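Everything below belongs to work.cif, which stores mmCIF, C-alpha atoms and all ligand atoms.
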data_my_file
loop_
_atom_site.label_atom_id
_atom_site.label_comp_id
_atom_site.auth_asym_id
_atom_site.auth_seq_id
_atom_site.Cartn_x
_atom_site.Cartn_y
_atom_site.Cartn_z
CA MET V 1 -53.53 39.15 -39.09
CA PRO V 2 -54.28 35.44 -39.12
CA VAL V 3 -50.90 34.06 -40.24
CA LEU V 4 -47.77 35.10 -38.36
CA VAL V 5 -44.28 34.22 -39.57
CA LEU V 6 -41.25 34.15 -37.27
CA LYS V 7 -38.64 34.77 -39.94
CA GLY V 8 -35.07 33.57 -40.21
CA GLY V 9 -34.41 32.36 -36.67
CA ARG V 10 -32.50 29.32 -35.50
CA VAL V 11 -35.39 26.93 -34.88
CA LEU V 12 -34.36 24.56 -32.09
CA ASP V 13 -36.87 21.86 -31.25
CA PRO V 14 -35.40 18.79 -29.52
CA SER V 15 -38.81 17.03 -29.68
CA SER V 16 -38.56 16.79 -33.48
CA ASP V 17 -34.76 16.84 -33.64
CA LEU V 18 -34.82 20.16 -35.47
CA ASP V 19 -31.95 22.65 -35.22
CA GLY V 20 -31.41 25.00 -38.13
CA MET V 21 -32.29 28.29 -39.78
CA ALA V 22 -35.95 28.33 -40.74
CA ASP V 23 -39.13 30.35 -40.75
CA LEU V 24 -41.93 29.23 -38.45
CA ARG V 25 -45.50 29.86 -39.50
CA ILE V 26 -48.33 30.22 -36.99
CA ASP V 27 -52.10 30.39 -37.37
CA THR V 28 -53.02 33.03 -34.80
CA ILE V 29 -56.74 32.24 -35.07
CA SER V 30 -56.41 28.62 -33.99
CA GLY V 31 -53.26 29.37 -31.97
CA ARG V 32 -51.47 26.46 -33.65
CA ILE V 33 -48.18 26.01 -35.50
CA LEU V 34 -48.64 25.55 -39.25
CA ASP V 35 -45.16 24.61 -40.44
CA ALA V 36 -41.44 25.34 -40.49
CA GLY V 37 -39.52 25.89 -43.71
CA ASN V 38 -37.82 28.40 -45.96
CA ASP V 39 -39.33 31.51 -47.57
CA LEU V 40 -42.65 31.12 -45.79
CA ARG V 41 -45.13 33.96 -46.16
CA GLY V 42 -47.93 35.24 -43.98
CA ASP V 43 -49.92 38.32 -43.01
CA GLU V 44 -47.42 39.51 -40.42
CA THR V 45 -43.70 38.84 -40.09
CA VAL V 46 -41.38 39.15 -37.10
CA ASP V 47 -37.68 39.32 -37.91
CA CYS V 48 -35.98 36.59 -35.86
CA ARG V 49 -32.56 36.68 -37.53
CA GLY V 50 -29.90 36.13 -34.87
CA LEU V 51 -32.45 34.72 -32.42
CA VAL V 52 -33.28 31.20 -31.23
CA VAL V 53 -36.87 30.01 -31.66
CA ALA V 54 -37.66 27.25 -29.16
CA PRO V 55 -40.78 25.46 -27.94
CA GLY V 56 -42.37 27.45 -25.11
CA PHE V 57 -40.79 27.14 -21.70
CA ILE V 58 -42.89 25.66 -18.90
CA ASP V 59 -42.19 26.41 -15.23
CA MET V 60 -43.48 23.32 -13.47
CA HIS V 61 -43.04 24.72 -9.94
CA ALA V 62 -44.15 28.23 -8.92
CA HIS V 63 -46.03 29.78 -6.02
CA LEU V 64 -48.56 32.36 -7.19
CA ARG V 65 -50.00 33.03 -3.70
CA GLU V 66 -53.63 33.49 -4.82
CA PRO V 67 -55.87 33.00 -2.93
CA GLY V 68 -54.49 34.06 0.43
CA ALA V 69 -51.48 36.33 -0.07
CA LYS V 70 -52.24 38.60 -2.99
CA SER V 71 -49.83 41.26 -1.76
CA LYS V 72 -46.99 38.85 -2.67
CA GLU V 73 -48.32 37.69 -6.05
CA THR V 74 -51.56 36.96 -7.86
CA ILE V 75 -52.38 34.56 -10.64
CA ARG V 76 -52.42 37.58 -12.95
CA SER V 77 -49.09 39.09 -11.82
CA GLY V 78 -47.52 35.64 -11.81
CA ALA V 79 -48.75 34.88 -15.32
CA GLU V 80 -47.43 38.24 -16.52
CA ALA V 81 -44.06 37.68 -14.79
CA ALA V 82 -43.91 34.28 -16.48
CA VAL V 83 -44.27 35.55 -20.07
CA HIS V 84 -41.85 38.38 -19.25
CA GLY V 85 -39.37 35.72 -18.15
CA GLY V 86 -39.90 33.60 -21.28
CA PHE V 87 -42.37 31.05 -19.89
CA CYS V 88 -45.56 30.14 -21.75
CA ALA V 89 -47.02 28.05 -18.95
CA VAL V 90 -46.68 27.79 -15.18
CA VAL V 91 -47.77 25.15 -12.69
CA ALA V 92 -49.14 26.87 -9.59
CA MET V 93 -48.44 25.08 -6.32
CA PRO V 94 -51.52 24.30 -4.23
CA ASN V 95 -50.28 25.54 -0.82
CA THR V 96 -52.40 28.67 -1.04
CA ASP V 97 -54.87 29.78 1.61
CA PRO V 98 -57.19 27.93 1.33
CA PRO V 99 -55.23 25.15 -0.37
CA VAL V 100 -56.19 23.69 -3.75
CA ASP V 101 -57.71 20.48 -2.41
CA ASN V 102 -61.16 20.79 -4.02
CA GLU V 103 -62.67 21.19 -7.47
CA ALA V 104 -63.81 24.79 -6.91
CA SER V 105 -60.24 25.90 -6.17
CA VAL V 106 -59.00 24.25 -9.37
CA ALA V 107 -61.76 25.95 -11.35
CA PHE V 108 -60.94 29.30 -9.73
CA ALA V 109 -57.29 29.05 -10.80
CA TYR V 110 -58.30 28.34 -14.40
CA LEU V 111 -60.79 31.21 -14.36
CA GLN V 112 -58.20 33.67 -13.04
CA SER V 113 -55.70 32.41 -15.60
CA GLU V 114 -58.16 32.91 -18.43
CA ARG V 115 -59.03 36.41 -17.23
CA ALA V 116 -55.36 37.33 -16.97
CA GLY V 117 -54.06 36.16 -20.33
CA PHE V 118 -50.24 36.06 -20.47
CA ALA V 119 -48.83 32.59 -19.63
CA ARG V 120 -51.23 29.72 -19.05
CA VAL V 121 -51.51 28.80 -15.40
CA PHE V 122 -52.12 25.16 -14.51
CA PRO V 123 -53.07 24.37 -10.93
CA ALA V 124 -51.56 21.46 -9.01
CA GLY V 125 -53.82 19.79 -6.45
CA THR V 126 -52.83 18.74 -2.95
CA ILE V 127 -52.04 15.12 -2.11
CA THR V 128 -53.66 15.38 1.33
CA ALA V 129 -56.87 17.13 2.38
CA GLY V 130 -56.11 20.62 3.68
CA LEU V 131 -52.37 19.85 3.36
CA ALA V 132 -52.77 18.29 6.78
CA GLY V 133 -50.96 15.07 5.89
CA GLU V 134 -53.71 12.95 7.44
CA SER V 135 -56.00 11.77 4.64
CA LEU V 136 -55.88 11.89 0.86
CA SER V 137 -57.57 14.73 -1.00
CA GLU V 138 -60.27 13.89 -3.54
CA MET V 139 -57.62 13.18 -6.15
CA GLY V 140 -60.04 11.81 -8.74
CA LEU V 141 -62.25 14.89 -8.61
CA LEU V 142 -59.24 17.18 -8.66
CA ALA V 143 -57.81 15.39 -11.70
CA ARG V 144 -61.13 15.61 -13.49
CA ALA V 145 -61.35 19.33 -12.71
CA GLY V 146 -57.91 19.80 -14.31
CA ALA V 147 -55.26 19.51 -11.58
CA VAL V 148 -52.13 18.68 -13.59
CA CYS V 149 -50.24 16.95 -10.78
CA PHE V 150 -50.46 16.38 -7.03
CA THR V 151 -48.18 17.78 -4.37
CA ASP V 152 -48.16 18.92 -0.75
CA ASP V 153 -45.23 21.18 -1.66
CA GLY V 154 -43.92 23.21 1.21
CA ARG V 155 -43.82 19.97 3.10
CA CYS V 156 -43.32 16.25 2.52
CA VAL V 157 -46.01 13.60 2.91
CA ALA V 158 -44.64 12.21 6.17
CA ASP V 159 -46.96 9.18 6.30
CA ALA V 160 -45.51 6.50 4.00
CA GLY V 161 -48.84 4.67 3.88
CA LEU V 162 -50.61 7.75 2.53
CA LEU V 163 -47.94 8.29 -0.08
CA ARG V 164 -48.24 4.67 -1.11
CA CYS V 165 -51.98 5.17 -1.72
CA ALA V 166 -51.36 8.42 -3.61
CA LEU V 167 -48.84 6.69 -5.89
CA GLU V 168 -51.29 3.85 -6.51
CA TYR V 169 -54.10 6.27 -7.43
CA SER V 170 -51.75 8.29 -9.64
CA LYS V 171 -51.66 5.35 -12.05
CA ALA V 172 -55.39 5.60 -12.68
CA PHE V 173 -55.29 9.38 -13.24
CA GLY V 174 -52.10 9.49 -15.29
CA ARG V 175 -50.84 12.35 -13.12
CA VAL V 176 -47.54 12.53 -11.28
CA ILE V 177 -47.09 12.75 -7.52
CA MET V 178 -44.68 15.65 -7.03
CA GLU V 179 -42.82 15.34 -3.75
CA HIS V 180 -41.03 17.97 -1.70
CA CYS V 181 -38.63 15.56 0.01
CA GLU V 182 -37.80 16.63 3.54
CA ASP V 183 -37.75 14.63 6.76
CA VAL V 184 -38.67 17.42 9.17
CA ALA V 185 -37.45 15.42 12.16
CA LEU V 186 -33.97 16.10 10.74
CA SER V 187 -34.52 19.66 9.48
CA GLU V 188 -36.63 21.16 12.27
CA GLY V 189 -35.41 24.64 13.14
CA ALA V 190 -32.84 24.60 10.34
CA VAL V 191 -32.04 27.83 8.53
CA ILE V 192 -29.30 26.92 6.04
CA ASN V 193 -27.41 23.87 4.79
CA GLU V 194 -25.60 21.91 7.49
CA GLY V 195 -21.89 22.16 6.80
CA PRO V 196 -18.87 24.41 7.29
CA VAL V 197 -20.89 27.58 6.62
CA SER V 198 -23.55 26.80 9.24
CA ALA V 199 -20.75 25.95 11.68
CA VAL V 200 -19.00 29.28 11.05
CA LEU V 201 -22.24 31.23 11.42
CA GLY V 202 -23.37 29.17 14.41
CA ILE V 203 -26.88 28.64 13.04
CA ASN V 204 -28.92 25.48 12.74
CA GLY V 205 -28.17 23.41 9.67
CA TYR V 206 -30.44 21.31 7.44
CA PRO V 207 -28.41 18.19 6.61
CA ALA V 208 -28.45 16.72 3.11
CA VAL V 209 -29.60 13.42 4.59
CA ALA V 210 -32.96 14.99 5.59
CA GLU V 211 -33.75 15.25 1.89
CA GLU V 212 -32.06 12.02 0.80
CA ILE V 213 -33.91 9.79 3.28
CA MET V 214 -37.22 10.92 1.77
CA VAL V 215 -36.00 10.67 -1.83
CA ASP V 216 -34.92 7.12 -1.06
CA ARG V 217 -38.22 6.25 0.65
CA ASP V 218 -40.27 7.75 -2.15
CA VAL V 219 -38.28 6.01 -4.88
CA ARG V 220 -38.83 2.69 -3.11
CA LEU V 221 -42.57 3.38 -2.87
CA ALA V 222 -42.70 4.31 -6.56
CA GLU V 223 -40.88 1.10 -7.40
CA PHE V 224 -43.20 -0.94 -5.18
CA THR V 225 -46.44 0.59 -6.49
CA GLY V 226 -45.48 1.36 -10.10
CA GLY V 227 -46.85 4.86 -9.52
CA ARG V 228 -45.43 8.00 -11.08
CA LEU V 229 -43.14 9.98 -8.81
CA HIS V 230 -41.62 13.39 -9.56
CA VAL V 231 -39.15 14.72 -6.99
CA THR V 232 -39.10 18.49 -7.06
CA HIS V 233 -36.26 20.93 -6.22
CA VAL V 234 -33.63 18.23 -5.74
CA SER V 235 -30.74 19.93 -3.96
CA THR V 236 -28.11 17.37 -2.94
CA ALA V 237 -25.55 15.18 -4.69
CA GLY V 238 -26.83 12.18 -2.73
CA SER V 239 -30.38 12.71 -4.05
CA VAL V 240 -29.06 12.77 -7.61
CA HIS V 241 -27.20 9.50 -6.98
CA ILE V 242 -30.39 7.84 -5.67
CA LEU V 243 -32.44 9.09 -8.62
CA ARG V 244 -29.83 8.08 -11.19
CA ALA V 245 -29.70 4.54 -9.77
CA ALA V 246 -33.51 4.33 -9.61
CA LYS V 247 -33.83 5.33 -13.27
CA ALA V 248 -31.20 2.78 -14.23
CA ARG V 249 -33.37 0.02 -12.78
CA GLY V 250 -36.49 1.32 -14.47
CA VAL V 251 -38.35 3.09 -11.65
CA ASN V 252 -41.02 5.49 -12.91
CA VAL V 253 -39.38 8.60 -11.44
CA THR V 254 -38.44 12.04 -12.75
CA CYS V 255 -37.14 15.18 -11.04
CA ASP V 256 -36.35 18.87 -11.34
CA VAL V 257 -33.72 21.25 -10.01
CA THR V 258 -33.85 25.03 -9.57
CA PRO V 259 -31.59 27.70 -11.09
CA HIS V 260 -30.57 28.85 -7.60
CA HIS V 261 -29.43 25.37 -6.53
CA LEU V 262 -27.49 25.05 -9.79
CA LEU V 263 -25.81 28.47 -9.61
CA LEU V 264 -25.49 29.41 -5.95
CA THR V 265 -23.98 27.72 -2.89
CA ASP V 266 -24.33 28.19 0.86
CA ASP V 267 -21.31 30.52 0.74
CA ALA V 268 -23.86 33.17 -0.29
CA CYS V 269 -25.35 32.91 3.23
CA LEU V 270 -22.12 34.29 4.73
CA SER V 271 -23.48 37.69 3.66
CA PHE V 272 -26.42 37.17 6.06
CA ASP V 273 -28.64 38.57 3.31
CA PRO V 274 -32.08 36.98 3.92
CA VAL V 275 -32.69 36.80 0.15
CA PHE V 276 -30.54 33.65 0.24
CA ARG V 277 -32.80 31.87 2.72
CA VAL V 278 -34.61 29.16 0.79
CA ASN V 279 -36.02 25.66 1.35
CA PRO V 280 -34.33 23.36 0.50
CA PRO V 281 -31.32 25.47 1.42
CA LEU V 282 -28.47 26.44 -0.89
CA ARG V 283 -25.99 23.58 -0.67
CA SER V 284 -22.26 23.04 -1.25
CA ARG V 285 -20.25 23.39 -4.47
CA ARG V 286 -20.10 19.60 -4.71
CA ASP V 287 -23.90 19.38 -4.58
CA ALA V 288 -24.39 22.08 -7.22
CA ASP V 289 -21.87 20.36 -9.51
CA GLU V 290 -23.72 17.06 -9.17
CA LEU V 291 -27.08 18.67 -10.05
CA LEU V 292 -25.48 19.89 -13.28
CA ALA V 293 -23.93 16.47 -13.92
CA GLY V 294 -27.41 15.00 -13.46
CA LEU V 295 -28.86 17.39 -16.03
CA LEU V 296 -26.16 16.35 -18.48
CA ASP V 297 -26.56 12.58 -18.08
CA GLY V 298 -30.35 12.48 -17.72
CA ALA V 299 -30.57 11.75 -13.98
CA VAL V 300 -32.24 15.19 -13.76
CA ASP V 301 -35.08 15.90 -16.18
CA CYS V 302 -36.22 19.47 -15.67
CA ILE V 303 -35.34 22.93 -14.42
CA ALA V 304 -38.13 24.68 -12.48
CA THR V 305 -37.89 27.97 -10.58
CA ASP V 306 -39.72 27.30 -7.29
CA HIS V 307 -40.68 30.98 -7.68
CA ALA V 308 -41.65 31.94 -4.11
CA PRO V 309 -42.62 35.60 -3.74
CA HIS V 310 -42.44 37.36 -0.38
CA THR V 311 -43.02 41.01 0.52
CA ALA V 312 -40.06 43.33 1.12
CA GLU V 313 -41.10 43.69 4.79
CA GLU V 314 -40.93 39.94 5.37
CA LYS V 315 -37.67 39.45 3.53
CA SER V 316 -36.00 42.42 5.23
CA GLN V 317 -36.19 40.74 8.63
CA GLU V 318 -32.99 39.21 9.96
CA PHE V 319 -31.87 35.99 8.29
CA ILE V 320 -33.25 33.54 10.83
CA ALA V 321 -36.65 35.27 10.99
CA ALA V 322 -37.17 35.81 7.25
CA PRO V 323 -39.40 33.38 5.34
CA SER V 324 -37.81 30.90 2.92
CA GLY V 325 -38.05 31.43 -0.81
CA VAL V 326 -36.76 33.32 -3.82
CA ILE V 327 -38.45 34.54 -6.97
CA GLY V 328 -37.11 33.23 -10.24
CA MET V 329 -39.40 33.44 -13.24
CA GLU V 330 -37.85 36.62 -14.69
CA SER V 331 -34.21 35.78 -13.99
CA ALA V 332 -34.04 32.03 -14.68
CA VAL V 333 -33.52 32.03 -18.43
CA GLY V 334 -30.93 34.84 -18.39
CA VAL V 335 -28.78 33.45 -15.59
CA LEU V 336 -28.88 29.90 -17.00
CA LEU V 337 -27.96 31.05 -20.51
CA ASP V 338 -25.10 33.15 -19.15
CA ARG V 339 -23.61 30.86 -16.51
CA LEU V 340 -24.25 27.42 -17.99
CA VAL V 341 -24.94 27.62 -21.73
CA ARG V 342 -22.49 30.38 -22.73
CA PRO V 343 -19.42 28.78 -21.09
CA GLY V 344 -20.35 25.43 -22.65
CA LYS V 345 -21.29 23.65 -19.42
CA LEU V 346 -24.83 22.88 -20.62
CA PRO V 347 -25.82 22.49 -24.28
CA LEU V 348 -28.65 24.82 -25.31
CA ARG V 349 -30.57 21.83 -26.60
CA ARG V 350 -30.45 20.25 -23.13
CA LEU V 351 -31.68 23.51 -21.55
CA VAL V 352 -34.66 23.52 -23.94
CA GLU V 353 -35.43 19.91 -23.10
CA ALA V 354 -35.25 20.64 -19.37
CA MET V 355 -37.41 23.76 -19.55
CA SER V 356 -39.90 22.80 -22.25
CA CYS V 357 -40.04 19.27 -23.71
CA ASN V 358 -39.61 17.36 -20.46
CA PRO V 359 -42.04 19.35 -18.28
CA ALA V 360 -44.67 19.03 -21.05
CA ARG V 361 -44.15 15.27 -21.29
CA ILE V 362 -44.09 14.63 -17.53
CA LEU V 363 -47.23 16.69 -16.89
CA GLY V 364 -49.04 15.65 -20.07
CA LEU V 365 -49.42 19.26 -21.20
CA ASP V 366 -50.08 20.42 -24.73
CA GLY V 367 -46.73 22.04 -25.61
CA GLY V 368 -43.02 21.37 -25.57
CA THR V 369 -42.83 20.96 -29.35
CA LEU V 370 -42.85 23.01 -32.56
CA GLU V 371 -44.34 20.27 -34.73
CA PRO V 372 -47.10 21.27 -37.17
CA GLY V 373 -50.45 21.29 -35.38
CA ALA V 374 -48.91 21.86 -31.93
CA ARG V 375 -49.98 24.76 -29.76
CA ALA V 376 -48.14 27.92 -30.78
CA ASP V 377 -46.33 28.31 -27.46
CA ILE V 378 -42.86 29.58 -28.31
CA THR V 379 -39.93 31.12 -26.43
CA VAL V 380 -37.59 33.33 -28.47
CA LEU V 381 -34.07 33.89 -27.12
CA ASP V 382 -31.28 36.35 -27.90
CA LEU V 383 -28.08 34.59 -26.84
CA GLY V 384 -26.00 37.77 -27.26
CA LEU V 385 -28.06 40.31 -25.34
CA GLU V 386 -26.17 41.88 -22.42
CA TRP V 387 -28.30 43.05 -19.54
CA THR V 388 -28.38 43.36 -15.76
CA VAL V 389 -30.90 41.49 -13.60
CA ASP V 390 -32.89 44.31 -11.99
CA PRO V 391 -35.92 43.23 -9.93
CA ALA V 392 -37.30 46.78 -10.20
CA LYS V 393 -38.09 45.92 -13.84
CA PHE V 394 -39.90 42.69 -12.97
CA ARG V 395 -43.64 42.20 -13.43
CA SER V 396 -43.79 40.02 -10.33
CA LYS V 397 -45.18 41.81 -7.29
CA SER V 398 -42.19 40.69 -5.25
CA ARG V 399 -38.48 41.52 -5.42
CA ASN V 400 -36.74 38.73 -3.51
CA CYS V 401 -34.47 37.68 -6.37
CA PRO V 402 -31.08 36.18 -5.43
CA PHE V 403 -29.61 37.12 -8.82
CA ALA V 404 -30.26 40.88 -8.50
CA GLY V 405 -27.39 42.89 -9.94
CA TRP V 406 -25.97 40.02 -12.00
CA LYS V 407 -24.67 41.13 -15.39
CA VAL V 408 -25.62 38.43 -17.86
CA VAL V 409 -25.50 37.70 -21.58
CA GLY V 410 -28.59 36.05 -23.05
CA ALA V 411 -32.28 36.71 -22.51
CA PRO V 412 -35.76 35.79 -23.66
CA VAL V 413 -36.89 38.56 -26.03
CA PHE V 414 -40.44 37.53 -26.62
CA THR V 415 -42.86 34.79 -25.73
CA VAL V 416 -45.67 33.52 -27.94
CA VAL V 417 -48.65 32.02 -26.10
CA GLY V 418 -51.29 30.37 -28.25
CA GLY V 419 -50.17 32.51 -31.21
CA ARG V 420 -50.16 35.79 -29.29
CA ILE V 421 -46.89 37.69 -28.80
CA TYR V 422 -45.79 39.13 -25.44
CA ASP V 423 -42.64 41.14 -24.76
CA ALA V 424 -40.12 39.34 -22.58
CA ILE V 425 -37.44 40.92 -20.44
CA GLY V 426 -34.93 41.09 -23.30
CA ARG V 427 -37.23 43.55 -25.05
CA THR V 428 -37.65 45.75 -22.01
CA CYS V 429 -34.00 45.57 -20.83
CA ARG V 430 -32.24 46.93 -23.85
CA ARG V 431 -28.64 46.12 -24.63
CA GLU V 432 -26.30 47.64 -22.00
ZN ZN L 501 -40.99 22.78 -1.88
#
As structure tokens:
Amino acid sequence: MPVLVLKGGRVLDPSSDLDGMADLRIDTISGRILDAGNDLRGDETVDCRGLVVAPGFIDMHAHLREPGAKSKETIRSGAEAAVHGGFCAVVAMPNTDPPVDNEASVAFAYLQSERAGFARVFPAGTITAGLAGESLSEMGLLARAGAVCFTDDGRCVADAGLLRCALEYSKAFGRVIMEHCEDVALSEGAVINEGPVSAVLGINGYPAVAEEIMVDRDVRLAEFTGGRLHVTHVSTAGSVHILRAAKARGVNVTCDVTPHHLLLTDDACLSFDPVFRVNPPLRSRRDADELLAGLLDGAVDCIATDHAPHTAEEKSQEFIAAPSGVIGMESAVGVLLDRLVRPGKLPLRRLVEAMSCNPARILGLDGGTLEPGARADITVLDLGLEWTVDPAKFRSKSRNCPFAGWKVVGAPVFTVVGGRIYDAIGRTCRRE
């Protein structure tokens, strides 16, 4: 079946300014898009009437836990969860055990990804050797081996001199420095956002300024060096203000936000349910509103899940003992379509840019477009499908999803990776 036709869908590709009813033809042998048009024929046809055909979604921030914690997730289970959630590609964070700070670890991630199939997994490399924050990793070797960006995610690079060097090197490699911005001197021992909720609960708060000080420092270093900075999981209104102003004066900076920081606030922590413990913490309504405003005006470029699997045993400890992190790859598209796109708060086109075109451009990945000759990585959405987020149906090994039980309208129904079709959660969660 060499030529596959996705028939009669609404083809929405912001990269080529395409939005209309069309057929999309794919060469499944080369795994490339042939063309879009009317009355196209092929060897196999999939009826896409009533569905949206978009360039494949890319999750630029996920923790796949292999090597080191395979009971939480593996590259295989993570890649399978990704396609099930509508993602064609995932960037795996390097804070595994051992960390991805050497060429062999990069090669291992690619090998496991190839063995698994499903979504493509791209490893990020560490900024510092052993994530120790003391000396730079072999960034040149890592880049050559295929690390798609550099990050010490899980922590910030505390030493400004080291980050300066990393940003300078990033220019030669054409790879972004992805920063988890947190001044731990201000967030040490913190469990949730510092504000009225932490005061009511009497637990240590993580103030917004702990993030904003590092965003500000990093933006200044990017401006000074001309290096490429990407701030990941931005969570506060103040960070968005800093990034918006930096972009306005031409600093080479981009950023992403997570679905949980867009859709949840620290009020959720009043339940004392440890599933809501996450780093950076859930913030206030005002912060969440500003993240959305940033997505709308371009201050925020991408949405990434920060998928962080933990075992049920770990997450069932009391709130202050439970590890930080939520899973998100199989809920992200549904909750965003339902809570932001359906009520008209976020145009679908902007969602596709934030989840496909922009991550591809920032990371330099092959994807994020449906132009002829592009990789046939495609996410197909049903905007009218009603379903309930049920982690028991997830392909991820973990269940710590903060959106469990949400009734939503809209889901990915299938994902095409390099011309091959995989069922997404909309196919397996039939209409309610
Ligand atoms: Zn992080």
**Message:** Taking only C-alpha atoms and all ligand atoms into account, list the residues no farther than 8 Å from ligand ZN 501 (chain L), as a PyMOL selection string.
**Reply:** chain V and resi 153-155+179-181+232-233+279-280+306
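For Val408 of chain V, the non-local neighbours within 8 Å, defined as residues at least 2 positions apart in the same chain or in other chains and counting all atoms listed in the file, are Gly334, Val335, Asp338, Arg339, Glu386, Trp387, Thr388, Val389, Trp406 and Gly410 of chain V.
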**Message:** Please list, as JSON, numbers by chain, the residues that have an atom at most 12 Å away from (-52.6, 22.6, 3.6) in the coordinates of this file, counting all atoms listed in the file.
**Reply:** {"V": [93, 94, 95, 96, 97, 98, 99, 100, 101, 102, 125, 126, 127, 128, 129, 130, 131, 132, 133, 134, 135, 136, 137, 151, 152, 153, 154, 155, 156, 157]}
**Asked** atom CA of Ile421 of chain V and atom CA of Ala374 of chain V, how far apart in Å?
**Response** 16.3 Å
**Message:** Can you pull out the residues contacting segment 158-166 of chain V? Cut-off 9 Å, using all atoms listed in the file, and skip same-chain residues under 6 positions away; I want them as a PyMOL selection string.
**Reply:** chain V and resi 127-128+133-136+139+150+177+182-184+214+217-218+221-222+224-225+227
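Proximity to Asp216 of chain V at 9 Å, evaluated using all atoms listed in the file and with sequence-adjacent residues fewer than 4 positions away removed, yields Glu211, Glu212, Arg220, Leu221, Ser239, Ile242 and Leu243 of chain V.
Interatomic distance, atom CA of Tyr110 of chain V to atom CA of Ser71 of chain V: 20.0 Å.
The space between atom CA of Leu4 of chain V and atom CA of Cys429 of chain V spans 24.6 Å.
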N, CA and C atoms are what I want for segment 242-258 of chain V; can you complete it accordingly and write them as a compact mmCIF listing (two decimals), in the coordinates of the input?
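Everything below was put into rebuild20.txt:
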# COMPACT_ATOMS: atom_id res chain seq x y z
N ILE V 242 -29.25 8.75 -5.88
CA ILE V 242 -30.39 7.84 -5.67
C ILE V 242 -31.28 7.82 -6.91
N LEU V 243 -31.54 9.00 -7.47
CA LEU V 243 -32.44 9.09 -8.62
C LEU V 243 -31.82 8.46 -9.87
N ARG V 244 -30.52 8.66 -10.02
CA ARG V 244 -29.83 8.08 -11.19
C ARG V 244 -29.91 6.54 -11.13
N ALA V 245 -29.66 6.00 -9.93
CA ALA V 245 -29.70 4.54 -9.77
C ALA V 245 -31.12 4.02 -9.96
N ALA V 246 -32.11 4.76 -9.46
CA ALA V 246 -33.51 4.33 -9.61
C ALA V 246 -33.90 4.30 -11.08
N LYS V 247 -33.51 5.32 -11.84
CA LYS V 247 -33.83 5.33 -13.27
C LYS V 247 -33.17 4.16 -13.99
N ALA V 248 -31.93 3.86 -13.57
CA ALA V 248 -31.20 2.78 -14.23
C ALA V 248 -31.91 1.44 -14.04
N ARG V 249 -32.66 1.29 -12.94
CA ARG V 249 -33.37 0.02 -12.78
C ARG V 249 -34.84 0.13 -13.17
N GLY V 250 -35.18 1.23 -13.83
CA GLY V 250 -36.49 1.32 -14.47
C GLY V 250 -37.61 1.86 -13.62
N VAL V 251 -37.29 2.51 -12.49
CA VAL V 251 -38.35 3.09 -11.65
C VAL V 251 -38.96 4.28 -12.39
N ASN V 252 -40.28 4.43 -12.22
CA ASN V 252 -41.02 5.49 -12.91
C ASN V 252 -40.85 6.80 -12.14
N VAL V 253 -39.66 7.40 -12.22
CA VAL V 253 -39.38 8.60 -11.44
C VAL V 253 -38.70 9.65 -12.32
N THR V 254 -39.07 10.91 -12.06
CA THR V 254 -38.44 12.04 -12.75
C THR V 254 -38.16 13.09 -11.67
N CYS V 255 -37.43 14.15 -12.04
CA CYS V 255 -37.14 15.18 -11.04
C CYS V 255 -36.78 16.50 -11.69
N ASP V 256 -36.79 17.55 -10.87
CA ASP V 256 -36.35 18.87 -11.34
C ASP V 256 -35.38 19.48 -10.35
N VAL V 257 -34.61 20.44 -10.85
CA VAL V 257 -33.72 21.25 -10.01
C VAL V 257 -34.00 22.72 -10.30
N THR V 258 -33.59 23.60 -9.38
CA THR V 258 -33.85 25.03 -9.57
C THR V 258 -32.59 25.74 -10.07
